[in-house]
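Peer 1: You'll find run.txt just under this line, and it carries compact mmCIF, C-alpha atoms.
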```
# COMPACT_ATOMS: atom_id res chain seq x y z
CA MET A 1 17.04 23.21 -8.09
CA LEU A 2 14.75 20.45 -9.34
CA PHE A 3 16.07 20.72 -12.90
CA ALA A 4 19.64 20.88 -11.60
CA THR A 5 19.01 17.56 -9.87
CA TRP A 6 17.13 15.64 -12.57
CA GLY A 7 19.31 17.22 -15.25
CA ARG A 8 22.27 15.22 -13.98
CA LEU A 9 20.65 12.15 -15.52
CA GLY A 10 20.57 13.63 -19.02
CA TYR A 11 22.98 13.05 -21.86
CA LEU A 12 23.89 16.70 -22.50
CA ARG A 13 25.36 18.95 -19.83
CA PHE A 14 24.60 22.43 -21.26
CA GLY A 15 27.50 23.90 -19.30
CA ALA A 16 26.63 22.09 -16.07
CA PRO A 17 29.36 20.17 -14.22
CA GLY A 18 29.97 16.60 -15.31
CA THR A 19 30.72 14.63 -18.44
CA ARG A 20 28.62 14.13 -21.55
CA GLY A 21 26.54 10.98 -21.41
CA PHE A 22 23.62 9.60 -19.44
CA PHE A 23 24.21 9.94 -15.68
CA GLY A 24 27.20 12.11 -16.60
CA GLY A 25 26.30 14.75 -14.04
CA LEU A 26 26.21 12.26 -11.19
CA HIS A 27 29.97 11.89 -11.03
CA ARG A 28 30.16 15.25 -9.25
CA PRO A 29 29.10 15.64 -5.60
CA PHE A 30 26.21 17.86 -4.64
CA GLU A 31 26.79 21.09 -2.80
CA ALA A 32 27.67 20.15 0.77
CA SER A 33 24.84 22.05 2.42
CA VAL A 34 22.00 20.71 4.53
CA SER A 35 19.32 22.43 2.42
CA ARG A 36 20.63 21.01 -0.88
CA LEU A 37 21.01 17.51 0.48
CA THR A 38 17.59 17.65 2.12
CA PHE A 39 16.05 18.55 -1.23
CA VAL A 40 17.58 15.47 -2.88
CA LEU A 41 16.36 13.24 -0.06
CA MET A 42 12.89 14.74 -0.42
CA LEU A 43 12.83 13.43 -4.00
CA LEU A 44 13.23 9.95 -2.56
CA VAL A 45 10.76 10.49 0.24
CA SER A 46 8.08 12.05 -1.97
CA VAL A 47 7.68 8.90 -4.07
CA SER A 48 8.03 6.56 -1.11
CA PHE A 49 5.45 8.65 0.72
CA ASP A 50 3.03 8.34 -2.19
CA GLY A 51 3.59 4.59 -2.17
CA LEU A 52 2.97 4.47 1.57
CA LEU A 53 -0.43 6.11 1.14
CA ALA A 54 -1.44 3.32 -1.26
CA THR A 55 -0.71 0.52 1.21
CA PRO A 56 -3.53 -1.35 2.97
CA ALA A 57 -1.86 -0.62 6.30
CA TRP A 58 -2.20 3.14 5.79
CA LYS A 59 -5.79 2.84 4.60
CA THR A 60 -6.64 0.76 7.66
CA PHE A 61 -4.94 3.32 9.88
CA VAL A 62 -6.90 6.19 8.31
CA SER A 63 -10.20 4.32 8.61
CA GLN A 64 -9.70 4.13 12.37
CA LEU A 65 -9.14 7.87 12.75
CA PRO A 66 -11.92 10.24 13.84
CA GLU A 67 -14.11 11.73 11.11
CA SER A 68 -12.33 15.06 11.52
CA VAL A 69 -9.06 13.48 10.35
CA HIS A 70 -10.40 11.67 7.29
CA PRO A 71 -9.24 12.54 3.73
CA GLY A 72 -10.49 15.92 2.58
CA MET A 73 -10.37 17.45 6.03
CA PRO A 74 -7.76 20.07 7.07
CA ALA A 75 -6.61 17.85 9.92
CA TYR A 76 -5.82 15.06 7.44
CA THR A 77 -3.68 17.43 5.38
CA LEU A 78 -1.83 18.37 8.55
CA LEU A 79 -1.36 14.68 9.35
CA LEU A 80 0.14 14.07 5.90
CA LEU A 81 2.51 16.99 6.38
CA VAL A 82 3.65 15.68 9.75
CA VAL A 83 4.20 12.17 8.36
CA PHE A 84 6.11 13.52 5.37
CA VAL A 85 8.39 15.67 7.52
CA ALA A 86 8.94 12.72 9.85
CA LEU A 87 9.89 10.50 6.92
CA VAL A 88 12.37 13.10 5.68
CA GLY A 89 13.92 13.16 9.15
CA VAL A 90 14.09 9.37 9.30
CA ILE A 91 15.68 9.12 5.84
CA TRP A 92 18.17 11.86 6.76
CA GLY A 93 19.12 9.98 9.90
CA LEU A 94 19.43 6.63 8.13
CA PHE A 95 21.53 7.80 5.21
CA ALA A 96 23.67 10.05 7.40
CA GLY A 97 24.26 7.04 9.64
CA PHE A 98 25.27 4.86 6.71
CA ALA A 99 27.48 7.66 5.38
CA ALA A 100 29.14 7.88 8.80
CA ALA A 101 29.74 4.13 8.65
CA VAL A 102 31.23 4.52 5.17
CA ARG A 103 33.53 7.26 6.44
CA SER A 104 34.59 5.20 9.45
CA VAL A 105 35.11 1.88 7.67
CA GLY A 106 36.96 3.49 4.78
CA HIS A 107 38.98 5.84 7.01
CA LEU A 108 37.99 8.76 4.79
CA ASP A 109 39.46 12.19 5.46
CA GLU A 110 36.39 14.02 4.14
CA PRO A 111 33.98 15.67 6.64
CA LEU A 112 30.74 13.74 7.11
CA ILE A 113 28.60 16.23 5.21
CA ASN A 114 31.00 16.01 2.25
CA VAL A 115 30.70 12.22 2.30
CA VAL A 116 26.90 12.54 2.28
CA ALA A 117 27.14 15.04 -0.59
CA GLY A 118 29.41 12.67 -2.51
CA LEU A 119 27.19 9.63 -2.01
CA LEU A 120 23.81 11.26 -2.61
CA PRO A 121 24.23 11.53 -6.41
CA SER A 122 24.04 7.74 -6.42
CA LEU A 123 20.48 8.06 -5.06
CA VAL A 124 19.21 10.19 -7.95
CA PRO A 125 18.83 7.21 -10.36
CA ILE A 126 16.93 5.41 -7.60
CA ALA A 127 14.56 8.34 -7.14
CA PHE A 128 13.95 8.51 -10.89
CA GLY A 129 13.54 4.74 -11.27
CA TYR A 130 11.13 4.52 -8.37
CA LEU A 131 9.16 7.48 -9.73
CA LEU A 132 8.82 5.76 -13.09
CA ALA A 133 7.98 2.38 -11.58
CA HIS A 134 5.43 3.85 -9.19
CA ASN A 135 3.59 5.63 -12.01
CA PHE A 136 4.09 3.04 -14.76
CA ASP A 137 0.63 1.53 -14.38
CA TYR A 138 -0.93 4.99 -14.38
CA LEU A 139 0.96 5.96 -17.54
CA ALA A 140 0.06 2.69 -19.27
CA ILE A 141 -3.65 3.32 -18.72
CA ASN A 142 -3.98 7.08 -19.03
CA GLY A 143 -1.40 7.27 -21.79
CA GLN A 144 -3.99 5.59 -24.00
CA LEU A 145 -5.97 8.83 -23.90
CA LEU A 146 -3.48 10.10 -26.48
CA ILE A 147 -5.13 7.73 -28.98
CA HIS A 148 -8.38 9.65 -28.59
CA GLN A 149 -6.57 12.98 -28.48
CA ALA A 150 -4.73 12.27 -31.74
CA SER A 151 -8.05 12.17 -33.60
CA ASP A 152 -9.46 15.29 -31.97
CA PRO A 153 -6.46 17.33 -30.79
CA PHE A 154 -8.39 20.59 -30.34
CA GLY A 155 -11.62 19.14 -28.98
CA ASN A 156 -13.76 20.52 -31.80
CA GLY A 157 -15.44 17.26 -32.84
CA LEU A 158 -12.93 16.00 -35.40
CA ASN A 159 -12.17 12.31 -35.93
CA ILE A 160 -9.01 12.44 -38.00
CA LEU A 161 -7.76 8.91 -37.30
CA GLY A 162 -11.09 7.33 -36.49
CA THR A 163 -10.11 6.75 -32.86
CA VAL A 164 -12.14 9.46 -31.16
CA ASN A 165 -14.33 6.85 -29.44
CA TYR A 166 -11.41 4.79 -28.15
CA GLU A 167 -11.70 3.87 -24.48
CA PRO A 168 -8.59 3.07 -22.40
CA ASN A 169 -8.09 -0.63 -21.72
CA ARG A 170 -7.22 -1.13 -18.05
CA ASN A 171 -5.98 -4.65 -18.80
CA LEU A 172 -3.74 -3.67 -21.69
CA ILE A 173 -0.62 -4.69 -19.76
CA PRO A 174 -0.94 -7.76 -17.49
CA THR A 175 -0.24 -7.21 -13.82
CA ALA A 176 2.61 -9.71 -13.92
CA VAL A 177 4.33 -7.74 -16.70
CA VAL A 178 4.00 -4.53 -14.70
CA TRP A 179 5.44 -6.20 -11.61
CA TYR A 180 8.43 -7.74 -13.38
CA PHE A 181 9.14 -4.48 -15.20
CA GLU A 182 9.18 -2.68 -11.86
CA ILE A 183 11.50 -5.30 -10.37
CA VAL A 184 13.97 -5.03 -13.26
CA LEU A 185 13.83 -1.24 -13.19
CA ILE A 186 14.34 -0.92 -9.43
CA ILE A 187 17.19 -3.43 -9.37
CA GLY A 188 18.77 -1.76 -12.41
CA VAL A 189 18.82 1.72 -10.89
CA HIS A 190 20.17 0.34 -7.63
CA ILE A 191 23.02 -1.31 -9.52
CA ALA A 192 23.70 2.07 -11.15
CA ALA A 193 23.69 3.61 -7.67
CA VAL A 194 26.27 1.13 -6.41
CA VAL A 195 28.49 1.80 -9.45
CA LEU A 196 28.29 5.56 -8.86
CA ALA A 197 29.07 5.15 -5.16
CA HIS A 198 31.99 2.87 -6.07
CA GLY A 199 33.39 5.57 -8.33
CA TYR A 200 33.11 8.26 -5.66
CA LEU A 201 34.68 6.14 -2.93
CA GLY A 202 37.47 5.10 -5.27
CA ARG A 203 38.33 8.77 -5.74
CA VAL A 204 38.29 9.85 -2.09
CA ALA A 205 39.65 6.76 -0.31
CA ARG A 206 43.34 6.66 0.53
CA THR A 207 43.82 3.18 -0.92
CA GLU A 208 41.86 0.85 -3.16
CA SER A 209 41.28 -1.64 -0.33
CA GLN A 210 39.89 1.07 1.94
CA GLY A 211 37.61 2.22 -0.84
CA ARG A 212 36.25 -1.29 -1.27
CA ARG A 213 35.65 -1.70 2.45
CA ALA A 214 33.86 1.63 2.53
CA GLU A 215 31.36 0.38 -0.05
CA TRP A 216 29.80 -2.26 2.18
CA PRO A 217 27.74 0.01 4.46
CA TRP A 218 26.37 1.88 1.46
CA ILE A 219 25.56 -1.40 -0.32
CA ALA A 220 23.64 -2.44 2.80
CA ALA A 221 21.70 0.82 2.58
CA MET A 222 20.93 0.14 -1.09
CA VAL A 223 19.70 -3.38 -0.35
CA GLY A 224 17.45 -2.12 2.44
CA TYR A 225 16.03 0.61 0.26
CA THR A 226 15.49 -1.84 -2.61
CA MET A 227 13.49 -4.16 -0.38
CA THR A 228 11.40 -1.28 0.95
CA SER A 229 10.79 0.08 -2.55
CA LEU A 230 9.67 -3.27 -3.93
CA TRP A 231 7.38 -3.83 -0.95
CA LEU A 232 5.69 -0.46 -1.48
CA LEU A 233 5.35 -1.08 -5.21
CA ALA A 234 3.86 -4.52 -4.61
CA GLN A 235 1.04 -3.40 -2.32
CA PRO A 236 -1.41 -2.08 -4.97
CA ILE A 237 -0.67 -5.11 -7.18
CA VAL A 238 -1.26 -7.53 -4.30
CA GLN A 239 -4.54 -5.82 -3.45
CA GLU A 240 -5.62 -5.98 -7.09
CA GLY A 241 -4.84 -9.70 -7.13
CA ILE A 242 -6.88 -10.24 -3.96
CA ARG A 243 -9.86 -8.37 -5.39
CA GLY A 244 -9.51 -10.28 -8.66
```
Rewrite the structure of this file - the entire thing - as structure tokens.

Peer 2:
Amino acid sequence: MLFATWGRLGYLRFGAPGTRGFFGGLHRPFEASVSRLTFVLMLLVSVSFDGLLATPAWKTFVSQLPESVHPGMPAYTLLLLVVFVALVGVIWGLFAGFAAAVRSVGHLDEPLINVVAGLLPSLVPIAFGYLLAHNFDYLAINGQLLIHQASDPFGNGLNILGTVNYEPNRNLIPTAVVWYFEIVLIIGVHIAAVVLAHGYLGRVARTESQGRRAEWPWIAAMVGYTMTSLWLLAQPIVQEGIRG
């Protein structure tokens, strides 16, 4: 199911529904079932959840909990599970509400769950973009380990390229560059999401004008999610700037 979701972003279809080209699989709705749609929303929530755990607000909250609920304790794991499930429920409610608004404003004939299934493919680029943006700093630093690994690929003491003693540079990419890259990436995937939603609504709306009106609630959802995503991404960078 995971590959069937991320695979919609790829250029080749390999027999899967859709057209050849990047994002070609996102022009087809997902299966209109609660389990399938929940899985896609969990892709969004999983990255947002990880970003939430990196915020100062969460760290302050955890520091005020009893010792038995601190990281590493079973109770803390249970707390994380409860928060994650709650976030999935909140996201489900929010996007279902926006989908209901889309259906109402656009006077769509499709059942609500079909509208959700048709709009959710537009969220897949967002999930991927946020995943990349959230881990970009990590990849930029730990990806440098490949320089060491290239000289000693099997760990047997070789130094083929003379880089076996290379140490990752944490300041290789300035914080400002990371931040602006994340902004461009997040905005870019949200634009792609709006384009995909526009295509879906243009196909299911009775008239072109109704299709355009139906876009506004979903655009509002995209703007809200963009703001939340950027805020979560900014927290570690802001904290790094404060410490610096």

Peer 1: Using all atoms listed in the file, find the one residue out of A:Arg20, A:His134, A:His107, A:His148 that sits nearest to Ser209 of chain A.

Peer 2: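 Comparing A:Arg20, A:His134, A:His107, A:His148 against Ser209 of chain A, the winner is A:His107.
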
Peer 1: Would you mind reading off the distance between atom CA of Ser122 of chain A and atom CA of Glu208 of chain A, one decimal, in Å?

Peer 2: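 Result for atom CA of Ser122 of chain A versus atom CA of Glu208 of chain A: 19.4 Å, one decimal.
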
Peer 1: Taking all atoms of segment 183-202 of chain A that the file lists and extending 4 Å past them on each side, where is the centre of the axis-aligned box and how long are its edges? Answer in Å to one decimal, as JSON.

Peer 2:
```
{"center_x": 24.5, "center_y": 1.5, "center_z": -8.1, "size_x": 34.0, "size_y": 21.6, "size_z": 18.3}
```

Peer 1: Using atom CA of Gln64 of chain A and atom CA of Leu233 of chain A as the two end points, give the distance in Å to one decimal.

Peer 2: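 The value is 23.7 Å.
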
Peer 1: Using all atoms listed in the file, can you list as a ChimeraX atom specification the residues within 12 Å of (18.8, -5.4, -1.1)?

Peer 2: /A:183,186-188,190-191,194,216-231

Peer 1: Please save C-alpha atoms of the selected residues as a PDB file, keeping the file's coordinate frame.

Peer 2:
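Produced file part-v4.pdb, reproduced below:
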```
ATOM      1  CA  ILE A 183      11.500  -5.300 -10.370  1.00  0.00           C
ATOM      2  CA  ILE A 186      14.340  -0.920  -9.430  1.00  0.00           C
ATOM      3  CA  ILE A 187      17.190  -3.430  -9.370  1.00  0.00           C
ATOM      4  CA  GLY A 188      18.770  -1.760 -12.410  1.00  0.00           C
ATOM      5  CA  HIS A 190      20.170   0.340  -7.630  1.00  0.00           C
ATOM      6  CA  ILE A 191      23.020  -1.310  -9.520  1.00  0.00           C
ATOM      7  CA  VAL A 194      26.270   1.130  -6.410  1.00  0.00           C
ATOM      8  CA  TRP A 216      29.800  -2.260   2.180  1.00  0.00           C
ATOM      9  CA  PRO A 217      27.740   0.010   4.460  1.00  0.00           C
ATOM     10  CA  TRP A 218      26.370   1.880   1.460  1.00  0.00           C
ATOM     11  CA  ILE A 219      25.560  -1.400  -0.320  1.00  0.00           C
ATOM     12  CA  ALA A 220      23.640  -2.440   2.800  1.00  0.00           C
ATOM     13  CA  ALA A 221      21.700   0.820   2.580  1.00  0.00           C
ATOM     14  CA  MET A 222      20.930   0.140  -1.090  1.00  0.00           C
ATOM     15  CA  VAL A 223      19.700  -3.380  -0.350  1.00  0.00           C
ATOM     16  CA  GLY A 224      17.450  -2.120   2.440  1.00  0.00           C
ATOM     17  CA  TYR A 225      16.030   0.610   0.260  1.00  0.00           C
ATOM     18  CA  THR A 226      15.490  -1.840  -2.610  1.00  0.00           C
ATOM     19  CA  MET A 227      13.490  -4.160  -0.380  1.00  0.00           C
ATOM     20  CA  THR A 228      11.400  -1.280   0.950  1.00  0.00           C
ATOM     21  CA  SER A 229      10.790   0.080  -2.550  1.00  0.00           C
ATOM     22  CA  LEU A 230       9.670  -3.270  -3.930  1.00  0.00           C
ATOM     23  CA  TRP A 231       7.380  -3.830  -0.950  1.00  0.00           C
TER      24      TRP A 231
END
```

Peer 1: Just the number, please: distance in Å from atom CA of Val204 of chain A to atom CA of Ser104 of chain A, one decimal.

Peer 2: 13.0 Å

Peer 1: Kindly indicate which residue among A:Leu81, A:Ile141, A:Leu158, A:Ala150 lies nearest to Asn171 of chain A, using all atoms listed in the file for the distances.

Peer 2: A:Ile141

Peer 1: Identify the residues within 12 Å of coordinate (31.1, 11.9, -5.0) (same frame as the file), considering all atoms listed in the file, and give the answer as a ChimeraX atom specification.

Peer 2: /A:18,25-32,99,110,113-123,193-205

Peer 1: Which residues are close to Asp137 of chain A, i.e. within 10 Å by all atoms listed in the file, leaving aside same-chain residues fewer than 3 positions away? Reply as a VMD selection string.

Peer 2: chain A and resid 132 to 134 140 to 143 170 172 to 175 178 to 179 182 237

Peer 1: Determine the nearest neighbour of Leu52 of chain A from the options A:Leu185, A:Leu145, A:Met73, A:Val83, counting only C-alpha atoms.

Peer 2: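 Of all the options, A:Val83 lies closest to Leu52 of chain A.
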
Peer 1: Given only C-alpha atoms as the basis, pick out the residue of A:Ile126, A:Met42, A:Ile147, A:Val184 nearest to Ile160 of chain A.

Peer 2: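 Between A:Ile126, A:Met42, A:Ile147, A:Val184, the residue approaching Ile160 of chain A most closely is A:Ile147.
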
Peer 1: May I ask which of the residues A:Phe154, A:Phe84, A:Phe22, A:Phe181 is the closest one to Asp50 of chain A, counting all atoms listed in the file?

Peer 2: A:Phe84

Peer 1: For Gly106 of chain A, work out the shell of residues within 6 Å, counting all atoms listed in the file and skipping chain neighbours fewer than 5 positions away, then give it as a list of chain:residue names.

Peer 2: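 So, after excluding close chain neighbours, the residues are A:Gln210, A:Gly211, A:Arg213, A:Ala214.
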
Peer 1: Tell me, as a PyMOL selection string, which residues lie within 10 Å of Ser151 of chain A, counting only C-alpha atoms; anything in the same chain fewer than 4 positions away does not count.

Peer 2: chain A and resi 146-147+155+157-166

Peer 1: Ranking A:Ala192, A:Leu53, A:Val102, A:Leu112 by minimum distance to Leu79 of chain A and counting only C-alpha atoms, which one comes first?

Peer 2: A:Leu53
